[in-house]
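Asks: Here it is, the structure, as structure tokens.
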Amino acid sequence: MTARIGVVTFPGSLDDHDACRAVRLAGGTPVPLWHGEADLQGVDGVVLPGGFSYGDYLRCGAIARFAPVMTQLIPAARAGLPVLGICNGFQVLCEAHLLPGALTRNAGLRFVNRDIRIRVEAAGTRWTSQYTAGQELTVVLKSGEGAYLADEATLDRLEAGGQVLARYASGNPNGSARDIAGVVSEAGNVAGLMPHPEHAVDPLTGPSADGLGFFASVLAATVAA
Amino acid sequence: MSAGTQAAAGPVAQDTVGHAQATPDRDQPYAALGLTGPEYARIADLLGRRPTDAELAIYSVMWSEHCSYKSSRRHLRQFGDKAPATDVLLAGIGQNAGVVDIGHGYAVTFKIESHNHPSYVEPFQGAATGVGGIVRDILAMGARPVAVMDALRFGPADAADTRRVLPGVVGGISFYGNCLGLPNIGGELAFDPCYIGNPLVNALCVGLMRHDDLKSAVATGTGNKVVLFGSRTGPDGVGGASVLASATFGDDGGKAAKRPSVQVGDPFMEKLLVECCLELYAADLIEGIQDLGAAGVACATTELSAGGDGGMFVDMDAIPLRDPNLTPAEILMSESQERMMAVVRPEHVDAFMAICRKWDVEATVIGEVTGDGTLTMTWRGSMVVQIPPRTAADGPVYRRPLARPDTLDALQASGPESLARAADGAELRETLLKLLGSPGLADKRWVTQQYDSRVRGNTVLAMPEDGGLVRVGEETGLGIALATDGNGRYCTLDPYRGTQLALAEAYRNVAMTGAVPVAVTNCLNFGSPEDPAVMWQLAEAVRGLADGCKSLGIPVTGGNVSLYNQTGTTAIQPTPVIGVLGVHDDVTKRLAAGFGTDGAEVVLLGRTSEEFGGSAWAGVVHQHLGGLPPAVDLDAERQLAILVTAAASAGVLASAHDLSDGGLAIALAEACLYGGRGCAVALRGDAFTDLFSESAARALVSVVPGREREFAALAEEHGVPATVLGVTTGDALTVEGVFEVPLTALEQAWTGTLPAIFG
């Protein structure tokens with residue numbers, strides 16, 4: 001039996017289809033989850049996809065953290081459920097305080113859609129076990145509020161604790177502190193990534209298939225568990 | 001009710017049907033609403049009395065140029081009259097958008113539409129709502145919108161007003177399209193002084209459906225409910241179709257005064273509306289549906305009832321408002337965005353409302369279908385509209401005077417022959433770099449990186465490729481390709497030929513991806529139809545397009561006409577923008593424009609003549625426009641397309657790129673830059689002509705190593721001249737005995753232009 005990975009659809013989620021496809025291509029079973037239902041349907045992991053949840057009128061992810069589905073997700077994540085937030089999902093995880101720091105407007109103040117390279121820094125997590133530390137991946141960045149910020153002490157703590165998941169490796173595209181493209185929780189199960197691994201699962205429709213490893217990692221972790 | 005009690009109750013219907021009958025001589029502001037005296041008289045004649053204020057509002061927007069096509073309609077008939085025999089069309093002109101069968105049970109609907117006037121007045125919202133409007137058009141056909149494109153034209157890149165308009169337009173498209181979750185897969189960006197006060201913002205959307213998902217904009221079935229859903233109606237965009245889109249800007253530009261006629265967009269609401277509609281379609285809860293775009297409730301109610309049994313009752317008090325002080329006329333003319341109108345059987349209303357609630361979309365029953373042939377509306381209990389809907393929906397048709405511009409002979413006589421040409425290798429190199437760095441040909445990433453091209457995960461090709469290509473079926477490999485092209489310079493010199501060149505280029509661009517071109521849409525951007533010279537240009541362009549489509553065997557499925565693109569008496573260049581849709585049998589065999597592999601034979605397809613009239617070279621180097629545009633050979637275009645699609649299917653090509661602005665020189669440079677590898681080529685004729693001529697029906701391909709003879713045989717079989725130029729190699733563009741330009745130098749010339757201007 002393959003692992004079941006939930007993909008949450010908030011009103012305004014856009015890359016939910018893509019996240020489901022990535023789970024499927026990695027060999028898992030995607031399970032659509034609805035923001036309005038406080039039910040995780042017993043999934044083995046969850047992806048919070050990219051998009052503009054609830055229109056992101058207040059602050060990116062600020063409303064989504066209060067969605068009924070999050071009342072189940074937040075305690076489950078604290079208890080060890082693997083959760084990956086991509087782009088808007090990363091913003092939601094920061095707003096929910098499952099990850100430290102915040103995402104703000106790009107340094108250039110414009111939306112950036114570009115193929116970029118990132119370097120995997122933390123290879124031992126539930127979402128990166130299929131990569132090796134230092135491995136470079138070509139993925140898609142597409143965001144307007146992608147600059148990762150945290151206070152210096154938090155950044156120092158993230159670096160010291162191996163919680164920097166990945167860094168931008170082909171120039172800093174958005175002004176993120178210390179080139180950080182993604183971070184992971186202390187326990188290694190909750191990860192946030194600003195670039196989109198789900199758009200790099202097939203060279204036909206993306207810049208590479210390098211992003212599949214994130215999804216393969218969580219499947220391997222759940223099967224092993 | 002007496003007039004006295006109405007006044008006491010606040011803004012109530014002063015001008016009821018009864019009041020109109022009782023006060024036949026009352027002055028009405030028809031001219032300020034964009035109607036002529038004879039048109040106003042005609043309305044009174046049709047109704048047998050003067051119209052009420054609310055009725056006048058309906059006629060003023062429905063009879064506007066924008067909604068009624070009153071100047072262009074008698075010309076547009078040629079698209080039907082000359083249509084080639086085809087079995088791909090499931091719905092044609094007259095619907096919100098044409099629908100094309102692409103096989104495997106799938107159908108595609110696509111359309112391009114202008115939002116030119118609003119985008120000049122308020123660039124960000126003007127362009128944003130242009131995207132929103134075309135997406136709802138596609139949605140109203142029953143399709144899921146799957147991609148957008150935009151064709152943009154501005155004044156000179158370094159003009160002060162372009163620095164106001166362009167970033168706003170691009171920001172608006174980026175904001176709306178990205179939040180809506182539709183990949184932007186291509187388009188155009190061009191600059192010319194003629195667009196300085198009249199930028200062109202043309203947005204295209206393509207949608208996908210199963211054959212039996214097709215929906216119609218008709219209100220049938222007496223007793224069926226009329227439901228308005230989506231955003232509330234507010235005071236934005238009042239009169240957008242009439243006083244804004246169907247009028248010439250004054251010499252002062254008139255921006256500030258017309259700003260209230262620009263709509264304000266909410267892409268999040270549109271995303272909810274899209275998903276909500278698709279769920280309503282899937283549950284089969286809709287009898288007819290219409291988007292609310294230009295002319296808002298006035299248009300949706302008249303078109304739905306005119307298309308159906310001919311009768312509808314609307315209780316205007318039920319319409320949810322953002323501003324309770326709106327008058328009936330304002331409610332009818334408001335172009336508030338993100339609204340749809342559906343016709344629903346009474347027994348389906350509860351299920352309909354439940355789906356709307358799931359998506360947090362407000363929905364309200366505002367009326368019902370009647371069998372009495374009359375569109376009736378009440379407001380505050382009084383009858384304010386009582387009209388036969390077809391009289392509003394059909395509108396007048398004008399036979400405007402045409403006259404070939406008296407300056408055209410002189411313009412065509414002043415050809416580019418006498419212009420100084422680059423004579424040696426160094427000058428030819430300099431010409432190439434100058435063209436490559438000119439705003440119209442330079443790297444467009446400053447713009448395109450602001451658009452999400454990847455969302456939904458089916459984008460196979462996007463900008464800067466010749467055409468966008470979207471996968472339709474993950475299992476079948478079926479895909480659809482799209483390209484838009486237009487060239488106002490060619491069309492100024494000869495609108496008939498120029499329009500066919502735009503058609504040919506879009507057709508060629510689609511074929512370069514490996515797709516088979518199947519259908520055409522168009523956005524006809526012209527000056528004032530009241531100028532006989534402009535009308536002649538429009539008539540010639542339509543004739544050229546209809547004849548061209550007939551020759552190529554692909555039908556026009558719909559389109560849009562944007563007139564009054566002029567300031568004072570100065571019109572834009574005639575700029576028909578042509579969109580071509582293609583079907584790709586197997587997107588894994590798509591071709592990209594860039595040189596993809598080293599050691600590949602580089603081949604020029606087609607014939608090159610000395611053709612520089614209206615060329616990029618004449619414009620960029622000499623600021624010259626004169627002579628005749630390149631000759632059109634649609635048979636050659638067709639053979640070229642067949643060859644490239646056959647070669648793509650056989651897997652013998654490594655890349656394919658069409659030749660257009662800037663000729664072979666620009667095509668070579670782009671193929672090197674896109675692919676990140678150089679080439680060494682040799683020319684046979686006059687180097688200047690070989691490099692910069694813009695002869696049509698040509699393409700630059702590279703052949704998979706080892707498959708050269710196979711490709712040569714295919715070219716011969718299809719009668720396409722194929723000239724081997726050289727091979728892909730190294731990191732420079734080398735033209736033997738002429739010049740060598742390192743890729744780094746090409747890159748530098750190409751990438752710096754737009755960032756230097758726009759930051």
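Residue numbering restarts at 1 for every chain of the structure tokens, chains are lettered A, B, ... in their displayed order, and ligands are numbered from 1 as they appear.
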Using only C-alpha atoms, tabulate the residues of chain A lying at most 12 Å from any atom of chain B, each with its closest atom pair and that distance in Å to one decimal, by chain and increasing residue number, as CSV.
Replies:
```
residue,atom,partner,partner_atom,distance
A:Thr9,CA,B:Trp359,CA,11.5
A:Phe10,CA,B:Trp359,CA,10.0
A:Pro11,CA,B:Leu272,CA,6.8
A:Gly12,CA,B:Phe268,CA,6.1
A:Ser13,CA,B:Gly181,CA,8.2
A:Leu14,CA,B:Gly181,CA,5.2
A:Asp15,CA,B:Val455,CA,6.1
A:Asp16,CA,B:Arg456,CA,8.2
A:His17,CA,B:Arg456,CA,6.2
A:Asp18,CA,B:Arg456,CA,5.7
A:Ala19,CA,B:Gly457,CA,9.3
A:Cys20,CA,B:Arg456,CA,10.5
A:Arg21,CA,B:Gly457,CA,8.5
A:Ala22,CA,B:Gly457,CA,9.6
A:Leu25,CA,B:Glu474,CA,11.7
A:Trp34,CA,B:Lys358,CA,10.5
A:His35,CA,B:Lys358,CA,10.8
A:Gly36,CA,B:Lys358,CA,8.9
A:Glu37,CA,B:Lys358,CA,11.3
A:Pro49,CA,B:Val455,CA,11.2
A:Gly50,CA,B:Val455,CA,9.2
A:Gly51,CA,B:Cys179,CA,6.9
A:Phe52,CA,B:Cys179,CA,6.1
A:Ser53,CA,B:Phe268,CA,8.6
A:Tyr54,CA,B:Phe268,CA,7.2
A:Gly55,CA,B:Phe268,CA,5.0
A:Asp56,CA,B:Phe268,CA,8.7
A:Tyr57,CA,B:Phe268,CA,9.3
A:Asn88,CA,B:Cys179,CA,11.4
A:Asn106,CA,B:Gln450,CA,11.8
A:Gly108,CA,B:Gly759,CA,9.3
A:Leu109,CA,B:Gln450,CA,10.5
A:Arg110,CA,B:Gln450,CA,6.7
A:Phe111,CA,B:Gln450,CA,4.9
A:Val112,CA,B:Gln450,CA,5.3
A:Asn113,CA,B:Gln449,CA,4.7
A:Arg114,CA,B:Gln449,CA,6.3
A:Asp115,CA,B:Gln449,CA,9.9
A:Val139,CA,B:Arg454,CA,11.2
A:Val140,CA,B:Arg454,CA,8.3
A:Leu141,CA,B:Asp452,CA,9.4
A:Lys142,CA,B:Asp452,CA,6.4
A:Ser143,CA,B:Asp452,CA,8.4
A:Gly144,CA,B:Gln450,CA,8.6
A:Pro173,CA,B:Gln449,CA,11.6
A:His196,CA,B:Arg454,CA,9.8
A:Pro197,CA,B:Gly457,CA,11.3
A:Glu198,CA,B:Gly457,CA,8.3
A:His199,CA,B:Gly457,CA,6.3
A:Ala200,CA,B:Gly457,CA,9.1
A:Val201,CA,B:Gly457,CA,9.3
A:Asp202,CA,B:Gly457,CA,9.3
A:Pro203,CA,B:Val460,CA,9.0
A:Leu204,CA,B:Val460,CA,5.9
A:Thr205,CA,B:Val460,CA,4.8
A:Gly206,CA,B:Arg454,CA,7.6
A:Pro207,CA,B:Arg454,CA,10.2
```
Asks: List as a PyMOL selection string the protein and nucleic acid residues near A:Arg167, meaning an atom at most 10 Å away when only C-alpha atoms are counted, but skip any in the same chain fewer than 4 places from it.
Replies: chain A and resi 117-122+134+136+171-172+176-183+193
Asks: Can you work out the spacing between atom CA of A:Asp44 and atom CA of A:Ala3 in Å, to one decimal?
Replies: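 The value is 6.2 Å.
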Asks: A:Gly28, A:Gly192, A:Gly211, A:Gly6: which is nearest A:Cys94, counting only C-alpha atoms?
Replies: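 Result for the nearest residue to A:Cys94: A:Gly192.
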Asks: Neighbours of A:Val31 within 7 Å (only C-alpha atoms; same-chain residues fewer than 5 positions away dropped), as a ChimeraX atom specification?
Replies: /A:4-7
Asks: Using only C-alpha atoms, pick whichever of A:Arg105, A:Gly124, A:Gly188, A:Gln130 has the shortest atom-to-atom distance to A:Ala147.
Replies: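 Between A:Arg105, A:Gly124, A:Gly188, A:Gln130, the residue approaching A:Ala147 most closely is A:Arg105.
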Asks: Please report, as number ranges by chain, each residue of stretch 122-207 of chain A to which DSSP assigns helix (DSSP H, G or I) when run on this structure's backbone.
Replies: A: 152-160, 177-179, 197-199
Asks: Atoms to include: C-alpha atoms. Write the selected residues as a PDB file, in the first residue's frame.
Replies:
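New file result_10.pdb:
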```pdb
ATOM      1  CA  GLU A 152      19.735  37.390  13.586  1.00  0.00           C
ATOM      2  CA  ALA A 153      19.495  35.176  16.664  1.00  0.00           C
ATOM      3  CA  THR A 154      16.876  32.988  14.977  1.00  0.00           C
ATOM      4  CA  LEU A 155      18.956  32.760  11.801  1.00  0.00           C
ATOM      5  CA  ASP A 156      22.008  31.762  13.864  1.00  0.00           C
ATOM      6  CA  ARG A 157      19.952  29.154  15.681  1.00  0.00           C
ATOM      7  CA  LEU A 158      18.571  27.760  12.384  1.00  0.00           C
ATOM      8  CA  GLU A 159      22.053  27.445  10.934  1.00  0.00           C
ATOM      9  CA  ALA A 160      23.520  25.907  14.064  1.00  0.00           C
ATOM     10  CA  ALA A 177      18.221  36.453   4.582  1.00  0.00           C
ATOM     11  CA  ARG A 178      21.372  34.346   4.197  1.00  0.00           C
ATOM     12  CA  ASP A 179      20.095  33.054   0.834  1.00  0.00           C
ATOM     13  CA  PRO A 197       9.592  21.323  -6.296  1.00  0.00           C
ATOM     14  CA  GLU A 198       6.187  20.204  -7.640  1.00  0.00           C
ATOM     15  CA  HIS A 199       6.895  22.134 -10.836  1.00  0.00           C
TER      16      HIS A 199
END
```
Asks: Please determine, counting only C-alpha atoms, which residue among A:Gln163, A:Gln91, A:Ser129, A:Thr104 has the shortest atom-to-atom distance to A:Ser185.
Replies: A:Gln163
Asks: Return the single residue from A:Arg59, A:Arg65, A:His97, A:Arg24 that is closest to A:Arg78, with distances computed using only C-alpha atoms.
Replies: A:His97
Asks: Which residues come within 6 Å of A:Phe215, counting only C-alpha atoms, excluding same-chain residues fewer than 2 positions away, as a list in words?
Replies: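 In the requested format, the answer is Val23, Ala26, Leu212, Gly213, Ser217 and Val218 of chain A.
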Asks: Atoms to include: C-alpha atoms. Write the selected residues as a PDB file, in the first residue's frame.
Replies:
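The resulting file, selection36.pdb, is reproduced below:
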```
ATOM      1  CA  VAL A  23       2.776  12.933  -5.068  1.00  0.00           C
ATOM      2  CA  ALA A  26       6.615   9.920  -6.782  1.00  0.00           C
ATOM      3  CA  LEU A 212      10.558  14.636  -7.129  1.00  0.00           C
ATOM      4  CA  GLY A 213      13.008  13.792  -4.332  1.00  0.00           C
ATOM      5  CA  SER A 217      11.557  11.276   0.650  1.00  0.00           C
ATOM      6  CA  VAL A 218       8.319  11.585   2.571  1.00  0.00           C
TER       7      VAL A 218
END
```
Asks: I want to know what sits within 9 Å of B:Gly548, based on only C-alpha atoms, with residues of the same chain fewer than 5 positions away left out; could you give that as number ranges by chain?
Replies: B: 499-500, 503-504, 543, 553-554, 634
Asks: Could you please take those selected residues and save N, CA and C atoms as a PDB file, in the first residue's frame?
Replies:
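Output saved as selection20.pdb:
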```pdb
ATOM      1  N   THR B 499      -2.280  42.201 -42.914  1.00  0.00           N
ATOM      2  CA  THR B 499      -3.090  41.306 -42.080  1.00  0.00           C
ATOM      3  C   THR B 499      -2.797  39.855 -42.423  1.00  0.00           C
ATOM      4  N   GLN B 500      -2.625  39.581 -43.716  1.00  0.00           N
ATOM      5  CA  GLN B 500      -2.288  38.208 -44.102  1.00  0.00           C
ATOM      6  C   GLN B 500      -0.896  37.824 -43.581  1.00  0.00           C
ATOM      7  N   LEU B 503      -1.408  36.908 -39.990  1.00  0.00           N
ATOM      8  CA  LEU B 503      -2.008  35.565 -39.958  1.00  0.00           C
ATOM      9  C   LEU B 503      -0.944  34.509 -40.254  1.00  0.00           C
ATOM     10  N   ALA B 504      -0.153  34.767 -41.303  1.00  0.00           N
ATOM     11  CA  ALA B 504       0.865  33.801 -41.715  1.00  0.00           C
ATOM     12  C   ALA B 504       1.897  33.595 -40.608  1.00  0.00           C
ATOM     13  N   ARG B 543     -10.935  41.836 -45.102  1.00  0.00           N
ATOM     14  CA  ARG B 543     -10.932  41.106 -46.381  1.00  0.00           C
ATOM     15  C   ARG B 543      -9.671  40.244 -46.470  1.00  0.00           C
ATOM     16  N   GLY B 553      -7.230  27.319 -45.140  1.00  0.00           N
ATOM     17  CA  GLY B 553      -8.167  26.271 -44.749  1.00  0.00           C
ATOM     18  C   GLY B 553      -8.452  26.219 -43.265  1.00  0.00           C
ATOM     19  N   ILE B 554      -8.306  27.362 -42.575  1.00  0.00           N
ATOM     20  CA  ILE B 554      -8.612  27.382 -41.145  1.00  0.00           C
ATOM     21  C   ILE B 554      -9.619  28.504 -40.866  1.00  0.00           C
ATOM     22  N   LEU B 634       0.706  32.102 -49.325  1.00  0.00           N
ATOM     23  CA  LEU B 634       0.082  31.232 -48.335  1.00  0.00           C
ATOM     24  C   LEU B 634       0.246  29.757 -48.665  1.00  0.00           C
TER      25      LEU B 634
END
```
Asks: What does the distance from atom CA of B:Gln566 to atom CA of B:Gly155 come to in Å, to one decimal?
Replies: 12.8 Å
